[in-house]
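Below is one structure, written out as structure tokens, with a few remarks after it.
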Amino acid sequence: MSENKRGPMELTAWMYHYVRDPGDAAEAGSGIPGLPVARFTEQIDEMARHNQMLSWPQVRAALLEGRDLPPDGTLLTFDDGLCDHYLNVFPLLKERGLSGLFFALVRAPGDGLALGHKIHYLLAALGLAGLRAAVLSRLSPDQQALFRQVEARNQARFDPATPDGAIDLLKSVLQRELSAPAETVLSALIAEHVGDEISLAAALYLQPEQIREMAAGGMHFGGHSLTHPWFDFIDEEQQAREIDASAAWLAGVERGPWAFAYPYGGLNPRTPPLLAGRGFIAAFTTQARLTHPDPFYIGRLDGESLAALSAAEDHG
Ligand SMILES: [Zn+2]
């Protein structure tokens, strides 16, 4: 899409989701775990000591002008527009003069939870086996058969013998083939076991005034879709609707051209042209890479996996 002869872009982009401690205002008794705030603080201080911390406008300008970024250029990104980002991340970045790029979902007052977040609340409340059993008991016989068929097929990709693999396996079933019935069933389970979903969503996601305050404090925003679908699982028309929603929201929040982060890291070769035609100049994946030949597939490292490595080292 660009005319310049620049080589692949080098950028260390970090990806974060929940940044919270048990019992703090972000976790709010939900039991949903996250990267501990002290661990996050150590990470960004360590990064800032050794790297050139970049803001999204600096990356955007380099892309627009076909310039290279500094070889130690580092960008902090945060997915899903969570209250953690206002409550815990924004104050830490602001006091250090750092910026973050926040990929938020499009939200309207009265919206419920995204499917992935319903699963997080229910995993915390019921555990994996409890959630799986509760979902199955509420599906029709046809849906149960489909559930078991997809689950059996996906076992090749997600090893159910490991805790993370077993959770990813359940998610892979509920978020794709079963997503339509799962939305309804999971909302019913939230009402039964957790609480009022609209209130939970209002507390979990960034509110417009928080977004305005973060933007005024040097933070930047990107698109992450409306409903958080797998883009490799939905058709082009649905993808266009999801991207249009993000563009309409971003128009009031952030100077374009914008950045996008693929929900669940789901990739589809049809998506980049749709993004490019709707005001986006870059898109971020969940693939761990430091060199990015295509600005619509910028890889990111997961800050939580860094935390797990450092914790393992701490314990010998
Ligand atoms: Zn997401």
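In the structure tokens, chains take the letters A, B, ... in the order shown, each chain's residues start at 1, and ligands count up from 1 in the order shown.
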Using only C-alpha atoms and all ligand atoms, find each residue with an atom at most 12 Å away from ligand 1 and format the answer as a PDB file with N, CA, C and O atoms, in the first residue's frame.
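Contents of result_14.pdb, as written:
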ATOM      1  N   MET A  15       1.662  -6.737  24.392  1.00  0.00           N
ATOM      2  CA  MET A  15       0.207  -6.858  24.503  1.00  0.00           C
ATOM      3  C   MET A  15      -0.170  -7.192  25.950  1.00  0.00           C
ATOM      4  O   MET A  15       0.403  -8.098  26.552  1.00  0.00           O
ATOM      5  N   TYR A  16      -1.126  -6.434  26.461  1.00  0.00           N
ATOM      6  CA  TYR A  16      -1.653  -6.712  27.806  1.00  0.00           C
ATOM      7  C   TYR A  16      -3.170  -6.786  27.772  1.00  0.00           C
ATOM      8  O   TYR A  16      -3.821  -6.179  26.915  1.00  0.00           O
ATOM      9  N   HIS A  17      -3.746  -7.515  28.721  1.00  0.00           N
ATOM     10  CA  HIS A  17      -5.191  -7.555  28.918  1.00  0.00           C
ATOM     11  C   HIS A  17      -5.501  -7.082  30.353  1.00  0.00           C
ATOM     12  O   HIS A  17      -5.390  -5.906  30.631  1.00  0.00           O
ATOM     13  N   TYR A  18      -5.842  -8.016  31.241  1.00  0.00           N
ATOM     14  CA  TYR A  18      -6.135  -7.648  32.631  1.00  0.00           C
ATOM     15  C   TYR A  18      -4.836  -7.299  33.364  1.00  0.00           C
ATOM     16  O   TYR A  18      -3.876  -8.069  33.336  1.00  0.00           O
ATOM     17  N   THR A  77       0.665  -1.991  24.208  1.00  0.00           N
ATOM     18  CA  THR A  77      -0.730  -2.050  23.748  1.00  0.00           C
ATOM     19  C   THR A  77      -1.579  -2.838  24.746  1.00  0.00           C
ATOM     20  O   THR A  77      -1.081  -3.730  25.444  1.00  0.00           O
ATOM     21  N   PHE A  78      -2.849  -2.489  24.796  1.00  0.00           N
ATOM     22  CA  PHE A  78      -3.781  -3.050  25.791  1.00  0.00           C
ATOM     23  C   PHE A  78      -5.093  -3.365  25.087  1.00  0.00           C
ATOM     24  O   PHE A  78      -5.659  -2.497  24.417  1.00  0.00           O
ATOM     25  N   ASP A  79      -5.576  -4.599  25.242  1.00  0.00           N
ATOM     26  CA  ASP A  79      -6.756  -5.033  24.503  1.00  0.00           C
ATOM     27  C   ASP A  79      -8.027  -5.006  25.350  1.00  0.00           C
ATOM     28  O   ASP A  79      -7.983  -5.226  26.562  1.00  0.00           O
ATOM     29  N   ASP A  80      -9.124  -4.785  24.684  1.00  0.00           N
ATOM     30  CA  ASP A  80     -10.492  -4.993  25.199  1.00  0.00           C
ATOM     31  C   ASP A  80     -11.098  -3.814  25.949  1.00  0.00           C
ATOM     32  O   ASP A  80     -12.245  -3.906  26.375  1.00  0.00           O
ATOM     33  N   GLY A  81     -10.357  -2.705  26.124  1.00  0.00           N
ATOM     34  CA  GLY A  81     -10.958  -1.535  26.776  1.00  0.00           C
ATOM     35  C   GLY A  81     -11.472  -1.846  28.177  1.00  0.00           C
ATOM     36  O   GLY A  81     -12.630  -1.577  28.495  1.00  0.00           O
ATOM     37  N   LEU A  82     -10.604  -2.402  29.020  1.00  0.00           N
ATOM     38  CA  LEU A  82     -10.996  -2.835  30.362  1.00  0.00           C
ATOM     39  C   LEU A  82     -10.787  -1.730  31.393  1.00  0.00           C
ATOM     40  O   LEU A  82      -9.887  -0.891  31.234  1.00  0.00           O
ATOM     41  N   PHE A 102      -4.578   1.694  23.275  1.00  0.00           N
ATOM     42  CA  PHE A 102      -5.651   0.901  23.890  1.00  0.00           C
ATOM     43  C   PHE A 102      -6.666   0.501  22.825  1.00  0.00           C
ATOM     44  O   PHE A 102      -7.331   1.358  22.244  1.00  0.00           O
ATOM     45  N   PHE A 103      -6.765  -0.807  22.596  1.00  0.00           N
ATOM     46  CA  PHE A 103      -7.707  -1.335  21.608  1.00  0.00           C
ATOM     47  C   PHE A 103      -9.008  -1.673  22.336  1.00  0.00           C
ATOM     48  O   PHE A 103      -9.104  -2.710  23.004  1.00  0.00           O
ATOM     49  N   ALA A 104      -9.981  -0.778  22.217  1.00  0.00           N
ATOM     50  CA  ALA A 104     -11.226  -0.942  22.971  1.00  0.00           C
ATOM     51  C   ALA A 104     -12.342  -1.443  22.061  1.00  0.00           C
ATOM     52  O   ALA A 104     -12.370  -1.147  20.863  1.00  0.00           O
ATOM     53  N   LEU A 105     -13.258  -2.194  22.640  1.00  0.00           N
ATOM     54  CA  LEU A 105     -14.469  -2.592  21.925  1.00  0.00           C
ATOM     55  C   LEU A 105     -15.408  -1.398  21.841  1.00  0.00           C
ATOM     56  O   LEU A 105     -15.388  -0.527  22.709  1.00  0.00           O
ATOM     57  N   VAL A 106     -16.232  -1.359  20.793  1.00  0.00           N
ATOM     58  CA  VAL A 106     -17.253  -0.322  20.686  1.00  0.00           C
ATOM     59  C   VAL A 106     -18.354  -0.653  21.696  1.00  0.00           C
ATOM     60  O   VAL A 106     -18.852  -1.782  21.729  1.00  0.00           O
ATOM     61  N   ALA A 114     -18.999  -9.006  26.309  1.00  0.00           N
ATOM     62  CA  ALA A 114     -18.543  -9.776  25.150  1.00  0.00           C
ATOM     63  C   ALA A 114     -18.432 -11.246  25.562  1.00  0.00           C
ATOM     64  O   ALA A 114     -18.226 -11.564  26.741  1.00  0.00           O
ATOM     65  N   LEU A 115     -18.569 -12.118  24.582  1.00  0.00           N
ATOM     66  CA  LEU A 115     -18.590 -13.561  24.850  1.00  0.00           C
ATOM     67  C   LEU A 115     -17.369 -14.021  25.664  1.00  0.00           C
ATOM     68  O   LEU A 115     -17.506 -14.765  26.642  1.00  0.00           O
ATOM     69  N   GLY A 116     -16.197 -13.566  25.263  1.00  0.00           N
ATOM     70  CA  GLY A 116     -14.981 -13.985  25.963  1.00  0.00           C
ATOM     71  C   GLY A 116     -14.992 -13.569  27.427  1.00  0.00           C
ATOM     72  O   GLY A 116     -14.496 -14.290  28.297  1.00  0.00           O
ATOM     73  N   HIS A 117     -15.564 -12.397  27.710  1.00  0.00           N
ATOM     74  CA  HIS A 117     -15.603 -11.926  29.103  1.00  0.00           C
ATOM     75  C   HIS A 117     -16.669 -12.645  29.910  1.00  0.00           C
ATOM     76  O   HIS A 117     -16.495 -12.863  31.111  1.00  0.00           O
ATOM     77  N   TYR A 205     -15.938  -2.402  31.512  1.00  0.00           N
ATOM     78  CA  TYR A 205     -15.408  -1.708  30.328  1.00  0.00           C
ATOM     79  C   TYR A 205     -15.210  -0.222  30.595  1.00  0.00           C
ATOM     80  O   TYR A 205     -15.930   0.375  31.402  1.00  0.00           O
ATOM     81  N   GLY A 222      -7.298   2.495  19.655  1.00  0.00           N
ATOM     82  CA  GLY A 222      -7.439   1.809  18.376  1.00  0.00           C
ATOM     83  C   GLY A 222      -8.686   0.953  18.386  1.00  0.00           C
ATOM     84  O   GLY A 222      -9.355   0.803  19.415  1.00  0.00           O
ATOM     85  N   GLY A 223      -9.009   0.367  17.222  1.00  0.00           N
ATOM     86  CA  GLY A 223     -10.226  -0.430  17.085  1.00  0.00           C
ATOM     87  C   GLY A 223      -9.996  -1.885  17.449  1.00  0.00           C
ATOM     88  O   GLY A 223      -8.904  -2.433  17.268  1.00  0.00           O
ATOM     89  N   HIS A 224     -11.063  -2.507  17.988  1.00  0.00           N
ATOM     90  CA  HIS A 224     -10.993  -3.928  18.356  1.00  0.00           C
ATOM     91  C   HIS A 224     -12.329  -4.609  18.046  1.00  0.00           C
ATOM     92  O   HIS A 224     -12.626  -5.643  18.601  1.00  0.00           O
ATOM     93  N   SER A 225     -13.144  -3.970  17.185  1.00  0.00           N
ATOM     94  CA  SER A 225     -14.438  -4.471  16.723  1.00  0.00           C
ATOM     95  C   SER A 225     -15.557  -4.138  17.701  1.00  0.00           C
ATOM     96  O   SER A 225     -15.325  -3.562  18.774  1.00  0.00           O
ATOM     97  N   LEU A 226     -16.759  -4.547  17.305  1.00  0.00           N
ATOM     98  CA  LEU A 226     -17.969  -4.325  18.108  1.00  0.00           C
ATOM     99  C   LEU A 226     -18.260  -5.538  18.985  1.00  0.00           C
ATOM    100  O   LEU A 226     -18.490  -5.404  20.187  1.00  0.00           O
ATOM    101  N   THR A 227     -18.251  -6.738  18.400  1.00  0.00           N
ATOM    102  CA  THR A 227     -18.692  -7.932  19.143  1.00  0.00           C
ATOM    103  C   THR A 227     -17.566  -8.915  19.437  1.00  0.00           C
ATOM    104  O   THR A 227     -17.813  -9.983  19.977  1.00  0.00           O
ATOM    105  N   HIS A 228     -16.339  -8.587  19.068  1.00  0.00           N
ATOM    106  CA  HIS A 228     -15.179  -9.439  19.349  1.00  0.00           C
ATOM    107  C   HIS A 228     -15.299 -10.832  18.718  1.00  0.00           C
ATOM    108  O   HIS A 228     -15.093 -11.848  19.382  1.00  0.00           O
ATOM    109  N   PRO A 229     -15.586 -10.914  17.416  1.00  0.00           N
ATOM    110  CA  PRO A 229     -15.660 -12.228  16.754  1.00  0.00           C
ATOM    111  C   PRO A 229     -14.289 -12.679  16.253  1.00  0.00           C
ATOM    112  O   PRO A 229     -13.340 -11.888  16.182  1.00  0.00           O
ATOM    113  N   TRP A 230     -14.206 -13.966  15.900  1.00  0.00           N
ATOM    114  CA  TRP A 230     -13.035 -14.462  15.175  1.00  0.00           C
ATOM    115  C   TRP A 230     -13.178 -13.997  13.719  1.00  0.00           C
ATOM    116  O   TRP A 230     -14.108 -14.426  13.026  1.00  0.00           O
ATOM    117  N   PHE A 231     -12.241 -13.187  13.221  1.00  0.00           N
ATOM    118  CA  PHE A 231     -12.365 -12.687  11.846  1.00  0.00           C
ATOM    119  C   PHE A 231     -12.119 -13.777  10.807  1.00  0.00           C
ATOM    120  O   PHE A 231     -12.489 -13.614   9.649  1.00  0.00           O
ATOM    121  N   PHE A 260      -5.742  -1.144  14.431  1.00  0.00           N
ATOM    122  CA  PHE A 260      -6.752  -2.150  14.775  1.00  0.00           C
ATOM    123  C   PHE A 260      -6.031  -3.334  15.407  1.00  0.00           C
ATOM    124  O   PHE A 260      -4.871  -3.604  15.087  1.00  0.00           O
ATOM    125  N   ALA A 261      -6.699  -4.028  16.307  1.00  0.00           N
ATOM    126  CA  ALA A 261      -6.168  -5.301  16.833  1.00  0.00           C
ATOM    127  C   ALA A 261      -7.208  -6.376  16.558  1.00  0.00           C
ATOM    128  O   ALA A 261      -8.383  -6.210  16.897  1.00  0.00           O
ATOM    129  N   TYR A 262      -6.772  -7.473  15.919  1.00  0.00           N
ATOM    130  CA  TYR A 262      -7.697  -8.550  15.564  1.00  0.00           C
ATOM    131  C   TYR A 262      -8.187  -9.254  16.825  1.00  0.00           C
ATOM    132  O   TYR A 262      -7.368  -9.747  17.617  1.00  0.00           O
ATOM    133  N   PRO A 263      -9.518  -9.335  17.022  1.00  0.00           N
ATOM    134  CA  PRO A 263     -10.040 -10.055  18.191  1.00  0.00           C
ATOM    135  C   PRO A 263      -9.542 -11.499  18.209  1.00  0.00           C
ATOM    136  O   PRO A 263      -9.556 -12.170  17.166  1.00  0.00           O
ATOM    137  N   TYR A 264      -9.120 -11.969  19.358  1.00  0.00           N
ATOM    138  CA  TYR A 264      -8.532 -13.307  19.542  1.00  0.00           C
ATOM    139  C   TYR A 264      -7.310 -13.527  18.646  1.00  0.00           C
ATOM    140  O   TYR A 264      -6.840 -14.655  18.503  1.00  0.00           O
ATOM    141  N   GLY A 265      -6.821 -12.485  17.978  1.00  0.00           N
ATOM    142  CA  GLY A 265      -5.735 -12.672  17.021  1.00  0.00           C
ATOM    143  C   GLY A 265      -6.165 -13.417  15.766  1.00  0.00           C
ATOM    144  O   GLY A 265      -5.324 -13.922  15.022  1.00  0.00           O
ATOM    145  N   GLY A 266      -7.470 -13.497  15.518  1.00  0.00           N
ATOM    146  CA  GLY A 266      -7.975 -14.239  14.355  1.00  0.00           C
ATOM    147  C   GLY A 266      -7.671 -13.519  13.042  1.00  0.00           C
ATOM    148  O   GLY A 266      -8.014 -12.350  12.883  1.00  0.00           O
ATOM    149  N   PHE A 284      -2.712  -5.139  14.458  1.00  0.00           N
ATOM    150  CA  PHE A 284      -1.843  -5.903  15.362  1.00  0.00           C
ATOM    151  C   PHE A 284      -2.413  -7.303  15.579  1.00  0.00           C
ATOM    152  O   PHE A 284      -3.610  -7.480  15.763  1.00  0.00           O
ATOM    153  N   THR A 285      -1.507  -8.293  15.570  1.00  0.00           N
ATOM    154  CA  THR A 285      -1.875  -9.690  15.774  1.00  0.00           C
ATOM    155  C   THR A 285      -1.492 -10.114  17.184  1.00  0.00           C
ATOM    156  O   THR A 285      -1.049  -9.302  18.001  1.00  0.00           O
ATOM    157  N   THR A 286      -1.629 -11.413  17.476  1.00  0.00           N
ATOM    158  CA  THR A 286      -1.142 -11.970  18.739  1.00  0.00           C
ATOM    159  C   THR A 286       0.041 -12.898  18.477  1.00  0.00           C
ATOM    160  O   THR A 286       0.391 -13.722  19.313  1.00  0.00           O
TER     161      THR A 286
END
message: Give me the residues near Val89 of chain A as a list in words, where near means some atom within 9 Å (using only C-alpha atoms) and where sequence neighbours in that chain fewer than 2 positions away do not count.
response: Val19, Val37, Phe40, Thr41, Asp84, His85, Tyr86, Leu87, Pro91, Leu92, Leu93, Lys94 and Gly100 of chain A
task: Check the DSSP output for the backbone and give back, as a VMD selection string, the residues of segment 49-187 of chain A in alpha helix (DSSP H).
output: chain A and resid 49 to 50 56 to 65 83 to 84 90 to 95 115 to 138 141 to 154 163 to 174 179 to 187
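For the choices A:Ile190, A:Leu136, A:Leu146, A:Ala108, the atom-to-atom distance to Trp249 of chain A is smallest for A:Ala108 when using only C-alpha atoms.
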field: Lys171 of chain A surroundings by only C-alpha atoms, 12 Å radius, close-in-sequence under 2 positions cut, as a ChimeraX atom specification
entry: /A:115-120,122-123,128,131-132,135,147,150-151,154-155,158,160,164-169,173-179,182,186,230,264
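Proximity ranking of A:Pro181, A:Gly66, A:Gly127, A:Pro208 relative to Ser140 of chain A places A:Pro181 first, based on only C-alpha atoms.
Distance annotation: of A:Ile198, A:Met214, A:Leu139, A:Ala125, the residue with the minimal separation from Thr184 of chain A is A:Leu139; atom set is only C-alpha atoms.
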A:Pro70, A:Pro269, A:Gly279, A:Gly252 ranked by distance to Arg212 of chain A, top pick (using only C-alpha atoms): A:Gly252
- prompt: Running DSSP on the backbone, which parts of segment 4-215 of chain A land in strand (DSSP E or B), as a ChimeraX atom specification?
  reply: /A:9-10,12-16,19,35,52-54,73-79,82,101-104,205
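Checking A:Ser99, A:Arg39, A:Pro163, A:Ala152 one by one against Ala129 of chain A, counting only C-alpha atoms, you find the shortest gap at A:Pro163.
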